Amino acid sequence: MFIELLRKRRSIRQFKDKPVSAEHCDLLIEAALRSPSSRGFNPWQFVVVKDKALLAQLSRAKTHGAAFLKNAPLALVVCADTSKTDVWIEDASIAAVIIHLAAADLGLGSCWAQMRLRSRDDGTKASDYISSLLDLPGHVQVEAVIGIGHPAEELDGHDSSTLLYDQVSYEKFGQKS
């Protein structure tokens with residue numbers, strides 16, 4: 001059941017030194033390509049990275065929050081063609097969430113490293129650094145990099161008591177029932 005998948009899914013940053021199978025990689029790509037997009041424009045682009053040296057370079061793309069990519073056996077770089085639609089950020093984000101859920105469904109762990117609007121230690125843009133690494137054309141922008149692998153850590157899902165129900169309104173903002 002889908003809600004059970006959501007209840008157990010966690011961001012995983014520690015991976016076993018074990019490759020993601022070609023079959024699982026293919027399923028993740030299929031899931032990404034089945035992601036919905038505004039008006040069916042499908043602006044997303046995905047770069048599959050398995051090369052250890054390139055994963056290490058991606059792990060240095062921004063000041064904080066990407067180091068875990070160095071030890072991930074697989075990363076999917078989620079990008080979008082900005083010439084196709086003005087809502088490429090939303091469409092790429094939807095695809096990233098689909099990738100996370102597909103990974104969890106396959107028993108894999110994953111974690112999102114936001115790159116758009118993030119900086120490197122030297123103040124340059126993380127997305128520009130990745131664009132250069134991957135030879136992306138100028139109209140294709142990086143949204144995020146998702147590290148994926150076999151979890152080396154077992155984390156329980158978030159307890160329902162941590163859900164922010166106070167951020168839910170009914171009919172009008174601030175109305176609680």
# chains A, B, ... in the order shown; residues from 1 in each chain; ligands from 1
call {"tool": "residues_around", "arguments": {"residues": "A:Gln114", "least_positions_apart": "3", "cutoff": "8 Å", "atoms": "only C-alpha atoms", "output": "list in words"}}
result
Arg118, Glu143, Ala144 and Val145 of chain A
call {"tool": "write_last_selection", "arguments": {"atoms": "N, CA and C atoms", "output": "PDB file, in the first residue's frame"}}
result
ATOM      1  N   ARG A 118      22.197  26.724  -4.803  1.00  0.00           N
ATOM      2  CA  ARG A 118      23.184  26.400  -3.782  1.00  0.00           C
ATOM      3  C   ARG A 118      24.576  26.801  -4.272  1.00  0.00           C
ATOM      4  N   GLU A 143      18.532  20.628 -11.099  1.00  0.00           N
ATOM      5  CA  GLU A 143      17.682  20.823  -9.928  1.00  0.00           C
ATOM      6  C   GLU A 143      18.312  20.156  -8.705  1.00  0.00           C
ATOM      7  N   ALA A 144      18.666  18.870  -8.837  1.00  0.00           N
ATOM      8  CA  ALA A 144      19.141  18.108  -7.685  1.00  0.00           C
ATOM      9  C   ALA A 144      19.934  16.897  -8.154  1.00  0.00           C
ATOM     10  N   VAL A 145      20.664  16.320  -7.210  1.00  0.00           N
ATOM     11  CA  VAL A 145      21.328  15.047  -7.435  1.00  0.00           C
ATOM     12  C   VAL A 145      20.805  14.099  -6.368  1.00  0.00           C
TER      13      VAL A 145
END
call {"tool": "residues_around", "arguments": {"residues": "stretch 50-65 of chain A", "least_positions_apart": "6", "cutoff": "10 Å", "atoms": "only C-alpha atoms", "output": "PyMOL selection string"}}
result
chain A and resi 13+19-20+71-77+111-115+118-130+133-134+145+147
call {"tool": "write_last_selection", "arguments": {"atoms": "N, CA and C atoms", "output": "short mmCIF file (atom, residue, chain, number, x, y, z; two decimals), in the first residue's frame"}}
result
data_model
loop_
_atom_site.label_atom_id
_atom_site.label_comp_id
_atom_site.auth_asym_id
_atom_site.auth_seq_id
_atom_site.Cartn_x
_atom_site.Cartn_y
_atom_site.Cartn_z
N ARG A 13 21.79 8.25 3.79
CA ARG A 13 23.05 8.83 3.34
C ARG A 13 24.23 7.87 3.48
N PRO A 19 26.95 -2.41 -5.79
CA PRO A 19 26.31 -1.67 -6.89
C PRO A 19 24.79 -1.89 -6.93
N VAL A 20 24.12 -0.92 -7.49
CA VAL A 20 22.69 -1.06 -7.78
C VAL A 20 22.61 -1.86 -9.08
N ASN A 71 30.05 8.13 -1.59
CA ASN A 71 29.94 6.70 -1.30
C ASN A 71 28.67 6.07 -1.85
N ALA A 72 27.92 6.81 -2.62
CA ALA A 72 26.73 6.24 -3.25
C ALA A 72 27.17 5.47 -4.50
N PRO A 73 26.63 4.29 -4.72
CA PRO A 73 26.98 3.56 -5.93
C PRO A 73 26.31 4.11 -7.19
N LEU A 74 25.29 4.94 -7.00
CA LEU A 74 24.52 5.47 -8.13
C LEU A 74 24.02 6.86 -7.77
N ALA A 75 24.04 7.74 -8.73
CA ALA A 75 23.40 9.05 -8.57
C ALA A 75 22.61 9.34 -9.83
N LEU A 76 21.44 9.89 -9.65
CA LEU A 76 20.64 10.40 -10.76
C LEU A 76 20.63 11.91 -10.64
N VAL A 77 21.18 12.56 -11.63
CA VAL A 77 21.18 14.02 -11.67
C VAL A 77 19.90 14.44 -12.37
N CYS A 111 18.79 9.78 -1.12
CA CYS A 111 18.78 11.10 -0.49
C CYS A 111 18.94 12.16 -1.58
N TRP A 112 18.21 13.24 -1.44
CA TRP A 112 18.20 14.36 -2.37
C TRP A 112 19.26 15.36 -1.94
N ALA A 113 20.09 15.77 -2.86
CA ALA A 113 21.02 16.88 -2.64
C ALA A 113 20.58 18.02 -3.55
N GLN A 114 19.98 19.03 -2.95
CA GLN A 114 19.52 20.20 -3.71
C GLN A 114 20.72 20.91 -4.31
N MET A 115 20.66 21.27 -5.58
CA MET A 115 21.77 21.97 -6.22
C MET A 115 21.37 23.35 -6.75
N ARG A 118 22.20 26.72 -4.80
CA ARG A 118 23.18 26.40 -3.78
C ARG A 118 24.58 26.80 -4.27
N SER A 119 25.47 27.05 -3.31
CA SER A 119 26.81 27.52 -3.65
C SER A 119 27.87 26.54 -3.21
N ARG A 120 29.02 26.69 -3.84
CA ARG A 120 30.21 25.93 -3.49
C ARG A 120 31.02 26.73 -2.48
N ASP A 121 32.07 26.12 -1.97
CA ASP A 121 32.94 26.81 -1.01
C ASP A 121 33.50 28.12 -1.55
N ASP A 122 33.76 28.16 -2.85
CA ASP A 122 34.34 29.37 -3.45
C ASP A 122 33.29 30.40 -3.88
N GLY A 123 32.02 30.13 -3.57
CA GLY A 123 30.95 31.07 -3.88
C GLY A 123 30.31 30.87 -5.24
N THR A 124 30.87 30.01 -6.07
CA THR A 124 30.27 29.75 -7.38
C THR A 124 29.03 28.86 -7.22
N LYS A 125 28.21 28.83 -8.24
CA LYS A 125 26.97 28.05 -8.19
C LYS A 125 27.24 26.55 -8.32
N ALA A 126 26.60 25.77 -7.45
CA ALA A 126 26.71 24.31 -7.52
C ALA A 126 26.20 23.80 -8.86
N SER A 127 25.12 24.38 -9.34
CA SER A 127 24.55 23.92 -10.61
C SER A 127 25.49 24.19 -11.79
N ASP A 128 26.22 25.29 -11.75
CA ASP A 128 27.19 25.58 -12.81
C ASP A 128 28.33 24.57 -12.78
N TYR A 129 28.78 24.23 -11.59
CA TYR A 129 29.85 23.24 -11.43
C TYR A 129 29.41 21.89 -12.03
N ILE A 130 28.20 21.48 -11.72
CA ILE A 130 27.70 20.19 -12.23
C ILE A 130 27.49 20.28 -13.74
N LEU A 133 30.77 19.69 -15.25
CA LEU A 133 31.19 18.28 -15.12
C LEU A 133 30.51 17.37 -16.13
N LEU A 134 29.23 17.63 -16.36
CA LEU A 134 28.40 16.73 -17.17
C LEU A 134 28.19 17.21 -18.60
N VAL A 145 20.66 16.32 -7.21
CA VAL A 145 21.33 15.05 -7.44
C VAL A 145 20.81 14.10 -6.37
N GLY A 147 21.37 10.60 -4.58
CA GLY A 147 22.23 9.45 -4.32
C GLY A 147 21.38 8.25 -3.99
#
call {"tool": "atom_distance", "arguments": {"atom1": "atom CA of A:Ala102", "atom2": "atom CA of A:Pro137"}}
result
27.9 Å
call {"tool": "residues_around", "arguments": {"residues": "A:Leu106", "least_positions_apart": "5", "cutoff": "9 Å", "atoms": "only C-alpha atoms", "output": "JSON, numbers by chain"}}
result
{"A": [24, 27, 28, 101]}
call {"tool": "atom_distance", "arguments": {"atom1": "atom CA of A:Ala31", "atom2": "atom CA of A:Asp105"}}
result
11.0 Å
call {"tool": "residues_around", "arguments": {"residues": "A:Leu5", "least_positions_apart": "4", "cutoff": "12 Å", "atoms": "only C-alpha atoms", "output": "VMD selection string"}}
result
chain A and resid 1 9 to 10 100 to 108 156 to 158
call {"tool": "write_last_selection", "arguments": {"atoms": "N, CA and C atoms", "output": "CSV table (one decimal), in the first residue's frame"}}
result
chain,number,residue,atom,x,y,z
A,1,MET,N,0.8,-1.2,0.0
A,1,MET,CA,0.0,0.0,0.0
A,1,MET,C,0.9,1.2,0.0
A,9,ARG,N,9.6,5.3,4.4
A,9,ARG,CA,10.7,6.0,3.6
A,9,ARG,C,11.4,7.0,4.5
A,10,ARG,N,12.8,7.0,4.4
A,10,ARG,CA,13.6,8.0,5.1
A,10,ARG,C,14.8,8.3,4.1
A,100,HIS,N,12.7,8.9,-5.6
A,100,HIS,CA,12.8,8.6,-4.2
A,100,HIS,C,11.8,7.4,-3.9
A,101,LEU,N,10.6,7.6,-4.3
A,101,LEU,CA,9.6,6.6,-3.9
A,101,LEU,C,9.9,5.3,-4.6
A,102,ALA,N,10.3,5.3,-5.9
A,102,ALA,CA,10.6,4.1,-6.6
A,102,ALA,C,11.8,3.4,-5.9
A,103,ALA,N,12.8,4.2,-5.5
A,103,ALA,CA,14.0,3.6,-4.8
A,103,ALA,C,13.5,2.9,-3.5
A,104,ALA,N,12.7,3.5,-2.8
A,104,ALA,CA,12.2,2.9,-1.5
A,104,ALA,C,11.4,1.6,-1.8
A,105,ASP,N,10.6,1.7,-2.9
A,105,ASP,CA,9.8,0.5,-3.3
A,105,ASP,C,10.7,-0.7,-3.7
A,106,LEU,N,11.9,-0.4,-4.2
A,106,LEU,CA,12.8,-1.4,-4.6
A,106,LEU,C,13.7,-1.9,-3.4
A,107,GLY,N,13.5,-1.3,-2.2
A,107,GLY,CA,14.3,-1.6,-1.1
A,107,GLY,C,15.7,-0.9,-1.1
A,108,LEU,N,15.8,0.1,-1.9
A,108,LEU,CA,17.0,1.0,-1.9
A,108,LEU,C,16.8,2.2,-1.1
A,156,ASP,N,14.1,3.9,11.3
A,156,ASP,CA,12.6,3.8,11.3
A,156,ASP,C,12.0,5.0,10.6
A,157,GLY,N,10.8,4.8,10.1
A,157,GLY,CA,10.0,5.9,9.6
A,157,GLY,C,9.7,6.9,10.6
A,158,HIS,N,9.4,8.1,10.2
A,158,HIS,CA,9.0,9.2,11.2
A,158,HIS,C,7.7,8.8,11.9
call {"tool": "residues_around", "arguments": {"residues": "A:Ser38", "least_positions_apart": "4", "cutoff": "12 Å", "atoms": "only C-alpha atoms", "output": "PyMOL selection string"}}
result
chain A and resi 42-44+84-95
call {"tool": "select_by_dssp", "arguments": {"residues": "stretch 53-123 of chain A", "states": "strand (DSSP E or B)", "output": "PyMOL selection string"}}
result
chain A and resi 74-81+109-114+119
call {"tool": "closest_residue", "arguments": {"among": "A:His150, A:Val48, A:Ile3, A:Val78", "to": "A:Asp26", "atoms": "only C-alpha atoms"}}
result
A:Val48
